[in-house]
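*Asks:* Structure file structure.csv (CSV, C-alpha atoms) right here:
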chain,number,residue,atom,x,y,z
B,1,PRO,CA,0.0,0.0,0.0
B,2,TYR,CA,0.8,3.7,-0.2
B,3,TRP,CA,2.0,3.6,-3.8
B,4,TYR,CA,0.5,6.5,-5.8
B,5,ASP,CA,1.4,6.7,-9.5
B,6,ASP,CA,1.1,10.5,-9.3
B,7,GLY,CA,3.4,10.6,-6.2
B,8,ASP,CA,6.3,12.9,-6.3
B,9,VAL,CA,8.1,11.6,-3.1
B,10,VAL,CA,9.5,8.1,-2.8
B,11,LEU,CA,10.3,6.9,0.7
B,12,VAL,CA,12.6,3.8,1.0
B,13,ALA,CA,12.3,2.3,4.5
B,14,SER,CA,14.0,-1.0,5.1
B,15,ASP,CA,12.1,-3.6,3.0
B,16,HIS,CA,9.3,-1.3,1.6
B,17,ILE,CA,9.0,1.5,-0.9
B,18,PHE,CA,6.3,4.1,-0.5
B,19,ARG,CA,5.4,6.6,-3.3
B,20,LEU,CA,3.3,9.5,-2.1
B,21,PRO,CA,2.1,12.9,-3.2
B,22,ARG,CA,4.1,15.5,-1.2
B,23,GLU,CA,0.7,16.9,0.0
B,24,VAL,CA,0.1,13.8,2.1
B,25,LEU,CA,3.1,14.6,4.2
B,26,ILE,CA,2.9,18.3,4.6
B,27,CYS,CA,0.5,17.9,7.5
B,28,SER,CA,3.6,18.4,9.7
B,29,GLU,CA,6.5,20.9,9.7
B,30,ILE,CA,8.9,18.0,10.4
B,31,PHE,CA,8.6,16.8,6.8
B,32,GLU,CA,9.7,20.2,5.5
B,33,ASP,CA,13.3,19.4,6.7
B,34,MET,CA,13.0,15.9,5.3
B,35,PHE,CA,12.1,17.3,1.9
B,36,CYS,CA,15.2,19.5,2.0
B,37,LEU,CA,17.3,16.3,2.2
B,38,ALA,CA,15.5,14.6,-0.7
B,39,GLN,CA,17.6,14.0,-3.8
B,40,PRO,CA,16.4,13.9,-7.3
B,41,ASN,CA,16.0,10.3,-8.4
B,42,ALA,CA,19.0,8.6,-9.8
B,43,LYS,CA,18.7,7.0,-13.2
B,44,GLN,CA,19.3,3.5,-11.9
B,45,ASP,CA,16.1,3.7,-9.8
B,46,SER,CA,12.9,2.7,-11.5
B,47,TYR,CA,10.5,5.1,-9.8
B,48,ASP,CA,10.3,8.3,-11.8
B,49,GLU,CA,12.8,10.9,-12.7
B,50,ASN,CA,10.5,13.6,-11.3
B,51,ALA,CA,10.2,12.0,-7.8
B,52,SER,CA,12.4,12.9,-4.9
B,53,VAL,CA,13.8,9.8,-3.2
B,54,LEU,CA,14.5,9.6,0.6
B,55,HIS,CA,16.3,6.6,2.0
B,56,LEU,CA,15.3,6.2,5.6
B,57,ASP,CA,16.8,4.3,8.5
B,58,ASP,CA,13.3,3.7,9.9
B,59,ARG,CA,11.4,0.5,9.9
B,60,SER,CA,8.8,0.2,7.2
B,61,GLN,CA,6.2,-0.9,9.8
B,62,ASP,CA,6.7,2.5,11.6
B,63,TRP,CA,6.0,4.4,8.3
B,64,MET,CA,3.0,2.2,7.6
B,65,LEU,CA,1.6,3.1,11.0
B,66,LEU,CA,2.3,6.8,10.5
B,67,LEU,CA,0.7,6.8,7.0
B,68,GLN,CA,-2.4,4.9,8.4
B,69,TRP,CA,-2.7,7.6,11.1
B,70,ILE,CA,-2.4,10.4,8.6
B,71,ASP,CA,-5.2,8.7,6.5
B,72,ASP,CA,-7.4,8.1,9.5
B,73,PRO,CA,-6.3,9.1,13.0
B,74,GLU,CA,-8.9,7.0,14.7
B,75,CYS,CA,-7.7,3.8,13.1
B,76,VAL,CA,-4.5,3.7,15.0
B,77,ASP,CA,-4.4,1.7,18.2
B,78,PHE,CA,-2.2,3.8,20.4
B,79,VAL,CA,-1.9,1.1,23.1
B,80,SER,CA,-0.4,-1.3,20.6
B,81,LEU,CA,1.7,1.5,19.2
B,82,PHE,CA,3.1,2.3,22.6
B,83,LYS,CA,3.9,-1.4,23.3
B,84,THR,CA,5.7,-1.6,19.9
B,85,ILE,CA,7.8,1.5,20.7
B,86,ILE,CA,8.9,0.4,24.2
B,87,ASN,CA,9.9,-3.0,22.8
B,88,VAL,CA,12.1,-1.6,20.1
B,89,LYS,CA,15.7,-2.3,20.9
If you took the structure in this file and wrote it as structure tokens, what would it be?
*Replies:*
Amino acid sequence: PYWYDDGDVVLVASDHIFRLPREVLICSEIFEDMFCLAQPNAKQDSYDENASVLHLDDRSQDWMLLLQWIDDPECVDFVSLFKTIINVK
């Protein structure tokens, strides 16, 4: 999930690739800095030359949860989220 053909930002997080419209992520000022770090796509990648690519050190599950929360804040089980966070080593 979270692959939009018209997306202009590609997030590479561990074993998953997300392609999103930048507008999805501008809900937070935190992403402004992240977009400053984005590099134009290299030719060896198969995404799209117009998409900015960000290689992240984060787990793909964390991004999936964040994107689910952005889509529908009520769908996220924060108790499970907290348990996941405190068990991360």
*Asks:* Work out how far atom CA of B:Asp6 is from atom CA of B:Leu20, in Å to one decimal.
*Replies:*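 So the answer is 7.6 Å.
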*Asks:* How far is it from atom CA of B:Asp62 to atom CA of B:Phe18, in Å with one decimal?
*Replies:*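 These two atoms are separated by 12.2 Å.
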*Asks:* Return the single residue from B:Glu32, B:Ser52, B:Asp5, B:Ile26 that is closest to B:Leu67, with distances computed using all atoms listed in the file.
*Replies:*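 The shortest atom-to-atom distance to B:Leu67 comes from B:Ile26.
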*Asks:* B:Asp58, B:Glu49, B:Glu74, B:Asp33: which is nearest B:His16, counting all atoms listed in the file?
*Replies:*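 Looking only at the distances to B:His16, the closest residue turns out to be B:Asp58.
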*Asks:* Give me the residues within 10 Å of B:Ile17 as a list of chain:residue names, counting only C-alpha atoms and dropping any in the same chain fewer than 2 places off.
*Replies:*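 Result of the neighbour search: B:Pro1, B:Tyr2, B:Trp3, B:Val10, B:Leu11, B:Val12, B:Ala13, B:Ser14, B:Asp15, B:Arg19, B:Leu20, B:Tyr47, B:Val53, B:Leu54, B:His55, B:Ser60.
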*Asks:* Export, as a compact mmCIF listing (two decimals), in the frame of the given file, the selected residues with C-alpha atoms.
*Replies:*
# COMPACT_ATOMS: atom_id res chain seq x y z
CA PRO B 1 0.00 0.00 0.00
CA TYR B 2 0.80 3.70 -0.20
CA TRP B 3 2.00 3.60 -3.80
CA VAL B 10 9.50 8.10 -2.80
CA LEU B 11 10.30 6.90 0.70
CA VAL B 12 12.60 3.80 1.00
CA ALA B 13 12.30 2.30 4.50
CA SER B 14 14.00 -1.00 5.10
CA ASP B 15 12.10 -3.60 3.00
CA ARG B 19 5.40 6.60 -3.30
CA LEU B 20 3.30 9.50 -2.10
CA TYR B 47 10.50 5.10 -9.80
CA VAL B 53 13.80 9.80 -3.20
CA LEU B 54 14.50 9.60 0.60
CA HIS B 55 16.30 6.60 2.00
CA SER B 60 8.80 0.20 7.20
*Asks:* Which is closest to B:Arg59 among B:Tyr4, B:Ile30, B:Pro73, B:Thr84, if we use all atoms listed in the file?
*Replies:*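 Distance minimum relative to B:Arg59 lands on B:Thr84.
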*Asks:* When distances are computed from all atoms listed in the file, which of B:Val24, B:Ile86, B:Met34, B:Ala51 shows the smallest separation from B:Asp72?
*Replies:*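 Residue with the minimum atom-to-atom distance to B:Asp72: B:Val24.
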*Asks:* Would you work out the distance separating atom CA of B:Trp69 from atom CA of B:Asn50, expressed in Å to one decimal?
*Replies:*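 Those two atoms sit 26.7 Å apart.
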